[in-house]
$ cat data.tsv   # TSV, C-alpha atoms and all ligand atoms
chain	number	residue	atom	x	y	z
A	1	MET	CA	89.77	199.61	-4.79
A	2	THR	CA	86.97	197.07	-4.92
A	3	LYS	CA	83.46	198.25	-4.27
A	4	PRO	CA	81.68	197.12	-1.11
A	5	GLU	CA	79.86	193.84	-1.07
A	6	GLY	CA	76.70	193.72	-3.14
A	7	SER	CA	77.10	197.31	-4.34
A	8	GLU	CA	75.51	198.33	-7.64
A	9	GLY	CA	77.92	198.23	-10.52
A	10	ALA	CA	80.75	196.35	-8.74
A	11	VAL	CA	83.05	194.73	-11.33
A	12	PRO	CA	81.87	191.10	-11.54
A	13	VAL	CA	84.20	188.28	-10.55
A	14	ILE	CA	83.77	184.57	-11.17
A	15	THR	CA	85.90	182.64	-8.70
A	16	ILE	CA	87.10	179.11	-9.46
A	17	ASP	CA	88.66	177.37	-6.48
A	18	GLY	CA	89.72	173.78	-6.11
A	19	PRO	CA	92.57	171.37	-5.44
A	20	THR	CA	95.76	171.21	-7.45
A	21	ALA	CA	95.38	170.08	-11.10
A	22	SER	CA	91.59	170.18	-10.96
A	23	GLY	CA	91.72	172.09	-14.25
A	24	LYS	CA	91.01	175.49	-12.68
A	25	GLY	CA	93.54	177.38	-14.78
A	26	THR	CA	92.38	175.98	-18.10
A	27	ILE	CA	88.71	176.44	-17.27
A	28	ALA	CA	89.30	179.97	-15.92
A	29	SER	CA	91.11	181.14	-19.04
A	30	ARG	CA	88.52	179.59	-21.38
A	31	VAL	CA	85.62	181.13	-19.46
A	32	ALA	CA	87.41	184.51	-19.45
A	33	GLN	CA	88.02	184.24	-23.19
A	34	GLN	CA	84.33	183.58	-23.83
A	35	LEU	CA	83.26	186.54	-21.71
A	36	GLY	CA	86.07	188.88	-22.81
A	37	TRP	CA	87.23	189.21	-19.19
A	38	ALA	CA	90.66	189.22	-17.53
A	39	THR	CA	92.09	186.32	-15.53
A	40	LEU	CA	93.96	186.00	-12.26
A	41	ASP	CA	96.03	182.84	-11.77
A	42	SER	CA	96.60	183.33	-8.05
A	43	GLY	CA	98.61	180.10	-7.77
A	44	ALA	CA	101.22	181.74	-10.04
A	45	LEU	CA	101.82	184.41	-7.37
A	46	TYR	CA	102.53	181.72	-4.74
A	47	ARG	CA	104.72	179.88	-7.24
A	48	LEU	CA	106.59	183.12	-8.07
A	49	THR	CA	107.15	183.74	-4.37
A	50	ALA	CA	108.55	180.22	-4.05
A	51	LEU	CA	110.85	180.70	-7.02
A	52	ALA	CA	112.10	184.06	-5.70
A	53	VAL	CA	112.75	182.44	-2.30
A	54	LEU	CA	114.80	179.77	-4.03
A	55	GLN	CA	116.70	182.22	-6.25
A	56	ASP	CA	117.52	184.52	-3.32
A	57	GLY	CA	118.66	181.64	-1.12
A	58	VAL	CA	116.08	182.64	1.52
A	59	ASN	CA	115.38	180.07	4.24
A	60	ALA	CA	111.82	178.84	3.53
A	61	GLU	CA	111.26	178.35	7.28
A	62	ASP	CA	112.00	182.04	7.97
A	63	VAL	CA	108.44	183.42	7.76
A	64	GLU	CA	109.34	187.12	7.89
A	65	SER	CA	111.94	186.84	5.13
A	66	VAL	CA	109.56	184.84	2.91
A	67	ALA	CA	106.82	187.45	3.51
A	68	ARG	CA	109.24	190.22	2.53
A	69	VAL	CA	110.01	188.37	-0.71
A	70	ALA	CA	106.25	188.15	-1.38
A	71	ARG	CA	105.72	191.86	-0.66
A	72	GLU	CA	108.59	192.94	-2.91
A	73	LEU	CA	107.90	190.51	-5.73
A	74	ASP	CA	108.79	192.12	-9.08
A	75	VAL	CA	106.43	190.29	-11.43
A	76	SER	CA	104.50	190.94	-14.60
A	77	PHE	CA	102.01	188.97	-16.65
A	78	ARG	CA	101.92	189.36	-20.42
A	79	GLY	CA	99.41	187.10	-22.13
A	80	ASP	CA	100.25	183.60	-20.97
A	81	ALA	CA	103.81	184.56	-20.05
A	82	VAL	CA	104.92	185.24	-16.48
A	83	TYR	CA	108.02	187.29	-15.67
A	84	LEU	CA	110.05	187.46	-12.48
A	85	ARG	CA	112.48	190.39	-12.47
A	86	LYS	CA	112.02	190.64	-16.26
A	87	GLU	CA	112.94	186.97	-16.77
A	88	ASP	CA	110.39	184.72	-18.46
A	89	VAL	CA	109.73	182.00	-15.85
A	90	SER	CA	106.47	180.66	-17.33
A	91	LEU	CA	107.79	177.11	-17.62
A	92	ARG	CA	109.97	177.11	-14.53
A	93	ILE	CA	107.13	177.94	-12.12
A	94	ARG	CA	105.09	174.97	-13.39
A	95	GLN	CA	107.66	172.44	-12.20
A	96	GLU	CA	106.73	170.26	-9.25
A	97	ASP	CA	109.52	171.43	-6.92
A	98	ILE	CA	108.19	174.99	-7.21
A	99	GLY	CA	104.57	173.82	-6.75
A	100	ASN	CA	105.54	172.00	-3.57
A	101	LEU	CA	107.50	174.96	-2.20
A	102	ALA	CA	104.57	177.25	-3.12
A	103	SER	CA	102.24	175.06	-1.10
A	104	ARG	CA	104.65	175.30	1.87
A	105	VAL	CA	105.04	179.10	1.82
A	106	ALA	CA	101.28	179.53	1.23
A	107	VAL	CA	100.75	178.23	4.77
A	108	TYR	CA	102.12	181.49	6.26
A	109	PRO	CA	99.40	184.10	6.96
A	110	GLN	CA	102.01	186.87	6.47
A	111	VAL	CA	102.65	185.65	2.91
A	112	ARG	CA	98.92	185.46	2.16
A	113	GLU	CA	98.46	188.99	3.53
A	114	ALA	CA	101.36	190.25	1.41
A	115	LEU	CA	99.70	188.95	-1.76
A	116	LEU	CA	96.13	190.02	-0.96
A	117	GLU	CA	95.97	193.53	-2.47
A	118	ARG	CA	98.06	192.45	-5.44
A	119	GLN	CA	95.36	189.91	-6.24
A	120	ARG	CA	92.48	192.34	-5.71
A	121	ALA	CA	94.12	194.80	-8.12
A	122	PHE	CA	93.33	192.38	-10.97
A	123	ARG	CA	89.62	193.25	-10.62
A	124	ARG	CA	88.97	195.51	-13.59
A	125	SER	CA	86.06	196.17	-15.88
A	126	PRO	CA	84.39	194.38	-17.62
A	127	GLY	CA	85.10	191.42	-15.31
A	128	LEU	CA	87.58	188.95	-13.83
A	129	VAL	CA	87.81	185.18	-13.63
A	130	ALA	CA	90.05	184.32	-10.66
A	131	ASP	CA	91.32	180.83	-9.88
A	132	GLY	CA	92.99	179.49	-6.76
A	133	ARG	CA	92.14	178.11	-3.34
A	134	ASP	CA	90.62	181.06	-1.47
A	135	MET	CA	89.28	183.29	-4.24
A	136	GLY	CA	85.65	182.87	-3.15
A	137	THR	CA	86.30	182.70	0.60
A	138	VAL	CA	88.93	185.40	1.23
A	139	VAL	CA	90.05	187.42	-1.79
A	140	PHE	CA	86.70	188.11	-3.50
A	141	PRO	CA	84.03	187.18	-0.93
A	142	ASP	CA	81.48	189.34	-2.79
A	143	ALA	CA	81.94	187.53	-6.14
A	144	PRO	CA	78.53	186.97	-7.76
A	145	LEU	CA	79.47	183.46	-8.95
A	146	LYS	CA	81.72	181.04	-7.05
A	147	ILE	CA	82.68	177.67	-8.46
A	148	PHE	CA	84.38	174.89	-6.50
A	149	LEU	CA	85.99	172.63	-9.09
A	150	VAL	CA	86.85	169.12	-7.97
A	151	ALA	CA	88.06	165.88	-9.59
A	152	THR	CA	89.39	162.62	-8.16
A	153	VAL	CA	93.09	162.62	-7.25
A	154	GLU	CA	93.68	159.95	-9.92
A	155	ALA	CA	92.06	162.05	-12.67
A	156	ARG	CA	94.09	165.06	-11.55
A	157	ALA	CA	97.38	163.17	-11.42
A	158	GLU	CA	96.73	161.84	-14.95
A	159	ARG	CA	96.08	165.34	-16.25
A	160	ARG	CA	99.15	166.81	-14.58
A	161	TYR	CA	101.24	163.89	-15.91
A	162	LYS	CA	100.13	164.61	-19.48
A	163	GLN	CA	100.66	168.35	-19.08
A	164	LEU	CA	104.21	167.95	-17.77
A	165	LYS	CA	105.07	165.35	-20.42
A	166	GLU	CA	103.84	167.67	-23.16
A	167	LYS	CA	106.12	170.39	-21.77
A	168	GLY	CA	109.05	167.96	-22.04
A	169	PHE	CA	109.55	167.28	-18.31
A	170	SER	CA	110.35	163.76	-17.15
A	171	VAL	CA	107.72	162.65	-14.65
A	172	ASN	CA	106.64	159.59	-12.72
A	173	LEU	CA	102.92	159.04	-12.18
A	174	THR	CA	103.30	157.36	-8.77
A	175	ASP	CA	105.44	160.23	-7.45
A	176	LEU	CA	102.91	162.70	-8.81
A	177	LEU	CA	100.06	160.94	-7.04
A	178	ASP	CA	101.97	160.91	-3.74
A	179	ASP	CA	102.91	164.61	-4.06
A	180	MET	CA	99.37	165.53	-4.98
A	181	ARG	CA	97.88	163.73	-1.98
A	182	ALA	CA	100.38	165.42	0.34
A	183	ARG	CA	99.60	168.80	-1.18
A	184	ASP	CA	95.85	168.27	-0.94
A	185	ILE	CA	96.21	167.57	2.78
A	186	ARG	CA	98.47	170.59	3.36
A	187	ASP	CA	96.28	172.98	1.33
A	188	ALA	CA	93.08	171.78	3.03
A	189	SER	CA	94.35	171.56	6.60
A	190	ARG	CA	96.34	174.79	6.97
A	191	ALA	CA	94.96	177.26	9.52
A	192	SER	CA	95.08	180.31	7.24
A	193	ALA	CA	92.64	180.33	4.27
A	194	PRO	CA	92.45	176.55	3.85
A	195	LEU	CA	91.05	175.03	0.67
A	196	VAL	CA	87.32	174.87	1.36
A	197	ALA	CA	84.29	175.67	-0.74
A	198	ALA	CA	82.65	179.00	0.12
A	199	PRO	CA	79.18	178.37	1.61
A	200	ASP	CA	77.64	179.94	-1.51
A	201	ALA	CA	79.87	178.09	-4.02
A	202	ILE	CA	78.60	175.68	-6.64
A	203	THR	CA	80.60	172.43	-6.79
A	204	ILE	CA	81.38	170.97	-10.21
A	205	ASP	CA	83.05	167.54	-10.44
A	206	SER	CA	85.06	167.53	-13.66
A	207	SER	CA	86.38	163.92	-13.37
A	208	GLY	CA	84.08	162.71	-16.15
A	209	LEU	CA	83.69	166.00	-18.03
A	210	SER	CA	85.65	167.34	-20.98
A	211	ILE	CA	87.14	170.84	-20.85
A	212	ASP	CA	84.36	172.13	-23.14
A	213	GLN	CA	81.65	170.61	-20.95
A	214	THR	CA	83.14	172.10	-17.81
A	215	VAL	CA	83.50	175.55	-19.41
A	216	GLN	CA	79.89	175.32	-20.57
A	217	ALA	CA	78.70	174.37	-17.08
A	218	VAL	CA	80.36	177.50	-15.64
A	219	LEU	CA	78.95	179.73	-18.40
A	220	ASP	CA	75.47	178.27	-17.86
A	221	HIS	CA	75.66	179.10	-14.17
A	222	TRP	CA	76.76	182.63	-15.04
A	223	SER	CA	73.87	183.08	-17.51
A	224	SER	CA	71.33	181.85	-15.02
A	225	ARG	CA	72.83	184.11	-12.31
A	226	ARG	CA	72.44	187.14	-14.56
A	227	GLY	CA	69.06	186.09	-15.88
B	301	LIG	O1	97.10	176.30	-8.18
B	301	LIG	P1	98.56	175.99	-8.08
B	301	LIG	O2	98.87	174.50	-8.04
B	301	LIG	O3	99.36	176.70	-9.14
B	301	LIG	O4	99.04	176.60	-6.67
B	301	LIG	C1	100.31	176.34	-6.12
B	301	LIG	C2	100.23	176.40	-4.60
B	301	LIG	O5	99.93	177.73	-4.18
B	301	LIG	C3	99.15	175.52	-4.00
B	301	LIG	O6	99.62	174.24	-3.62
B	301	LIG	C4	98.67	176.29	-2.80
B	301	LIG	C5	99.02	177.72	-3.09
B	301	LIG	N1	97.86	178.57	-3.40
B	301	LIG	C6	97.17	179.10	-2.33
B	301	LIG	O7	97.48	178.80	-1.19
B	301	LIG	N2	96.14	179.96	-2.56
B	301	LIG	C7	95.77	180.28	-3.80
B	301	LIG	N3	94.76	181.14	-4.00
B	301	LIG	C8	96.45	179.71	-4.91
B	301	LIG	C9	97.49	178.84	-4.67

$ encode --input "data.tsv" --output "structure tokens"
Amino acid sequence: MTKPEGSEGAVPVITIDGPTASGKGTIASRVAQQLGWATLDSGALYRLTALAVLQDGVNAEDVESVARVARELDVSFRGDAVYLRKEDVSLRIRQEDIGNLASRVAVYPQVREALLERQRAFRRSPGLVADGRDMGTVVFPDAPLKIFLVATVEARAERRYKQLKEKGFSVNLTDLLDDMRARDIRDASRASAPLVAAPDAITIDSSGLSIDQTVQAVLDHWSSRRG
């Protein structure tokens, strides 16, 4: 159980929300490492739901069946590895077909509801860095520090291109750009928990920043919050 908003001694959470490939995951894990905190990659849960939907041959348009898959998801996280029904799917869930399907099933409020408590259960002492789309607005509205991480779609497509290449996937930059634009629109315009900055979030534009500089910016905000 999380403690009520603003309560003394609540386990601190730093939320990092932003569009796809804005560097949230990398920044979140580096910040967590520096602070000795845990991480929640909430996008992985939507990706795992998408993969399970695909593996089970569930119709992605059938909201109730997709929500059931999300509720019954048998997943575990060990270090950087992600398991679905004991199978290591760390690489598979990063592929673009799964990302696109994740973005589609994430539109359903029933799916979001099914994943809500699972996400909140990651909040453990001494602290949590959670990245996604609605961490600051819906999942951890009482987080003491909320970051909204943005970057131009071109900078993000370049980064994703490099990442996928390094993992050995064959990719096309133009297709990536098109997919990313479509996903941005879908993630930002859906009725349930759309991608928006929380009113109390701090926006950081990482287009011209290195990973180290972005991590430092987040840590500086955290220090000044505590100070
Ligand atoms: O961050 P990501 O690219 O791994 O997320 C994959 C999809 O999951 C993304 O397009 C939208 C969805 N998602 C979401 O709706 N809410 C979150 N908190 C995280 C991800």

$ closest_residue --input "data.tsv" --among "A:Ala102, A:Leu177, A:Ala10, A:Ala28" --to "Ala157 of chain A" --atoms "only C-alpha atoms"
A:Leu177

$ residues_near_ligand --input "data.tsv" --ligand "ligand LIG 301 (chain B)" --cutoff "7 Å" --atoms "all atoms listed in the file" --output "PDB file with C-alpha atoms, in the frame of the given file"
ATOM      1  CA  THR A  20      95.760 171.210  -7.450  1.00  0.00           C
ATOM      2  CA  ALA A  21      95.380 170.080 -11.100  1.00  0.00           C
ATOM      3  CA  SER A  42      96.600 183.330  -8.050  1.00  0.00           C
ATOM      4  CA  GLY A  43      98.610 180.100  -7.770  1.00  0.00           C
ATOM      5  CA  ALA A  44     101.220 181.740 -10.040  1.00  0.00           C
ATOM      6  CA  TYR A  46     102.530 181.720  -4.740  1.00  0.00           C
ATOM      7  CA  ARG A  47     104.720 179.880  -7.240  1.00  0.00           C
ATOM      8  CA  GLY A  99     104.570 173.820  -6.750  1.00  0.00           C
ATOM      9  CA  ASN A 100     105.540 172.000  -3.570  1.00  0.00           C
ATOM     10  CA  ALA A 102     104.570 177.250  -3.120  1.00  0.00           C
ATOM     11  CA  SER A 103     102.240 175.060  -1.100  1.00  0.00           C
ATOM     12  CA  ALA A 106     101.280 179.530   1.230  1.00  0.00           C
ATOM     13  CA  VAL A 107     100.750 178.230   4.770  1.00  0.00           C
ATOM     14  CA  ASP A 131      91.320 180.830  -9.880  1.00  0.00           C
ATOM     15  CA  GLY A 132      92.990 179.490  -6.760  1.00  0.00           C
ATOM     16  CA  ARG A 133      92.140 178.110  -3.340  1.00  0.00           C
ATOM     17  CA  ASP A 134      90.620 181.060  -1.470  1.00  0.00           C
ATOM     18  CA  MET A 135      89.280 183.290  -4.240  1.00  0.00           C
ATOM     19  CA  ARG A 183      99.600 168.800  -1.180  1.00  0.00           C
ATOM     20  CA  ASP A 187      96.280 172.980   1.330  1.00  0.00           C
TER      21      ASP A 187
END

$ atom_distance --input "data.tsv" --atom1 "atom CA of Phe77 of chain A" --atom2 "atom CA of Leu35 of chain A"
19.6 Å

$ residues_around --input "data.tsv" --residues "segment 12-17 of chain A" --least-positions-apart "5" --cutoff "9 Å" --atoms "all atoms listed in the file" --output "ChimeraX atom specification"
/A:22,24-25,27-28,123-136,140,142-150,195-197,201,222

$ atom_distance --input "data.tsv" --atom1 "atom CA of Asp175 of chain A" --atom2 "atom CA of Gly23 of chain A"
19.4 Å

$ residues_around --input "data.tsv" --residues "Arg181 of chain A" --least-positions-apart "5" --cutoff "9 Å" --atoms "all atoms listed in the file" --output "compact mmCIF listing (two decimals) with C-alpha atoms, in the coordinates of the input"
# COMPACT_ATOMS: atom_id res chain seq x y z
CA VAL A 153 93.09 162.62 -7.25
CA LEU A 176 102.91 162.70 -8.81
CA ARG A 186 98.47 170.59 3.36

$ residues_around --input "data.tsv" --residues "segment 111-122 of chain A" --least-positions-apart "2" --cutoff "8 Å" --atoms "all atoms listed in the file" --output "list in words"
Met1, Thr2, Ala38, Thr39, Leu40, Ser42, Leu45, Val63, Val66, Ala67, Arg68, Ala70, Arg71, Val105, Ala106, Val107, Tyr108, Pro109, Arg124, Leu128, Val139 and Phe140 of chain A

$ write_last_selection --input "data.tsv" --atoms "C-alpha atoms" --output "tab-separated table (two decimals), in the coordinates of the input"
chain	number	residue	atom	x	y	z
A	1	MET	CA	89.77	199.61	-4.79
A	2	THR	CA	86.97	197.07	-4.92
A	38	ALA	CA	90.66	189.22	-17.53
A	39	THR	CA	92.09	186.32	-15.53
A	40	LEU	CA	93.96	186.00	-12.26
A	42	SER	CA	96.60	183.33	-8.05
A	45	LEU	CA	101.82	184.41	-7.37
A	63	VAL	CA	108.44	183.42	7.76
A	66	VAL	CA	109.56	184.84	2.91
A	67	ALA	CA	106.82	187.45	3.51
A	68	ARG	CA	109.24	190.22	2.53
A	70	ALA	CA	106.25	188.15	-1.38
A	71	ARG	CA	105.72	191.86	-0.66
A	105	VAL	CA	105.04	179.10	1.82
A	106	ALA	CA	101.28	179.53	1.23
A	107	VAL	CA	100.75	178.23	4.77
A	108	TYR	CA	102.12	181.49	6.26
A	109	PRO	CA	99.40	184.10	6.96
A	124	ARG	CA	88.97	195.51	-13.59
A	128	LEU	CA	87.58	188.95	-13.83
A	139	VAL	CA	90.05	187.42	-1.79
A	140	PHE	CA	86.70	188.11	-3.50

$ closest_residue --input "data.tsv" --among "A:Gln33, A:Val11, A:Phe169, A:Ser65" --to "Val215 of chain A" --atoms "only C-alpha atoms"
A:Gln33

$ atom_distance --input "data.tsv" --atom1 "atom CA of Leu164 of chain A" --atom2 "atom CA of Ile185 of chain A"
22.1 Å

$ axis_aligned_box --input "data.tsv" --around "segment 102-106 of chain A" --padding-each-side "5 Å" --output "AutoDock Vina command-line options"
--center_x 103.2 --center_y 177.3 --center_z -0.6 --size_x 13.8 --size_y 14.5 --size_z 15.0

$ build_atoms --input "data.tsv" --residues "segment 167-180 of chain A" --atoms "N, CA and C atoms" --output "mmCIF file, keeping the file's coordinate frame"
data_model
loop_
_atom_site.group_PDB
_atom_site.id
_atom_site.type_symbol
_atom_site.label_atom_id
_atom_site.label_comp_id
_atom_site.auth_asym_id
_atom_site.auth_seq_id
_atom_site.Cartn_x
_atom_site.Cartn_y
_atom_site.Cartn_z
ATOM 1 N N LYS A 167 105.154 169.289 -21.899
ATOM 2 C CA LYS A 167 106.120 170.390 -21.770
ATOM 3 C C LYS A 167 107.554 169.866 -21.779
ATOM 4 N N GLY A 168 107.716 168.538 -21.912
ATOM 5 C CA GLY A 168 109.050 167.960 -22.040
ATOM 6 C C GLY A 168 109.706 167.601 -20.713
ATOM 7 N N PHE A 169 108.957 167.651 -19.595
ATOM 8 C CA PHE A 169 109.550 167.280 -18.310
ATOM 9 C C PHE A 169 109.454 165.782 -18.120
ATOM 10 N N SER A 170 110.451 165.193 -17.431
ATOM 11 C CA SER A 170 110.350 163.760 -17.150
ATOM 12 C C SER A 170 109.611 163.606 -15.817
ATOM 13 N N VAL A 171 108.569 162.787 -15.834
ATOM 14 C CA VAL A 171 107.720 162.650 -14.650
ATOM 15 C C VAL A 171 107.362 161.199 -14.386
ATOM 16 N N ASN A 172 107.011 160.925 -13.133
ATOM 17 C CA ASN A 172 106.640 159.590 -12.720
ATOM 18 C C ASN A 172 105.258 159.695 -12.078
ATOM 19 N N LEU A 173 104.324 158.914 -12.597
ATOM 20 C CA LEU A 173 102.920 159.040 -12.180
ATOM 21 C C LEU A 173 102.726 158.738 -10.685
ATOM 22 N N THR A 174 103.442 157.714 -10.187
ATOM 23 C CA THR A 174 103.300 157.360 -8.770
ATOM 24 C C THR A 174 103.788 158.497 -7.867
ATOM 25 N N ASP A 175 104.927 159.101 -8.236
ATOM 26 C CA ASP A 175 105.440 160.230 -7.450
ATOM 27 C C ASP A 175 104.449 161.392 -7.480
ATOM 28 N N LEU A 176 103.875 161.602 -8.667
ATOM 29 C CA LEU A 176 102.910 162.700 -8.810
ATOM 30 C C LEU A 176 101.712 162.498 -7.899
ATOM 31 N N LEU A 177 101.206 161.264 -7.887
ATOM 32 C CA LEU A 177 100.060 160.940 -7.040
ATOM 33 C C LEU A 177 100.377 161.191 -5.572
ATOM 34 N N ASP A 178 101.563 160.725 -5.142
ATOM 35 C CA ASP A 178 101.970 160.910 -3.740
ATOM 36 C C ASP A 178 102.072 162.400 -3.399
ATOM 37 N N ASP A 179 102.740 163.167 -4.294
ATOM 38 C CA ASP A 179 102.910 164.610 -4.060
ATOM 39 C C ASP A 179 101.556 165.294 -3.998
ATOM 40 N N MET A 180 100.671 164.884 -4.890
ATOM 41 C CA MET A 180 99.370 165.530 -4.980
ATOM 42 C C MET A 180 98.536 165.279 -3.729
#
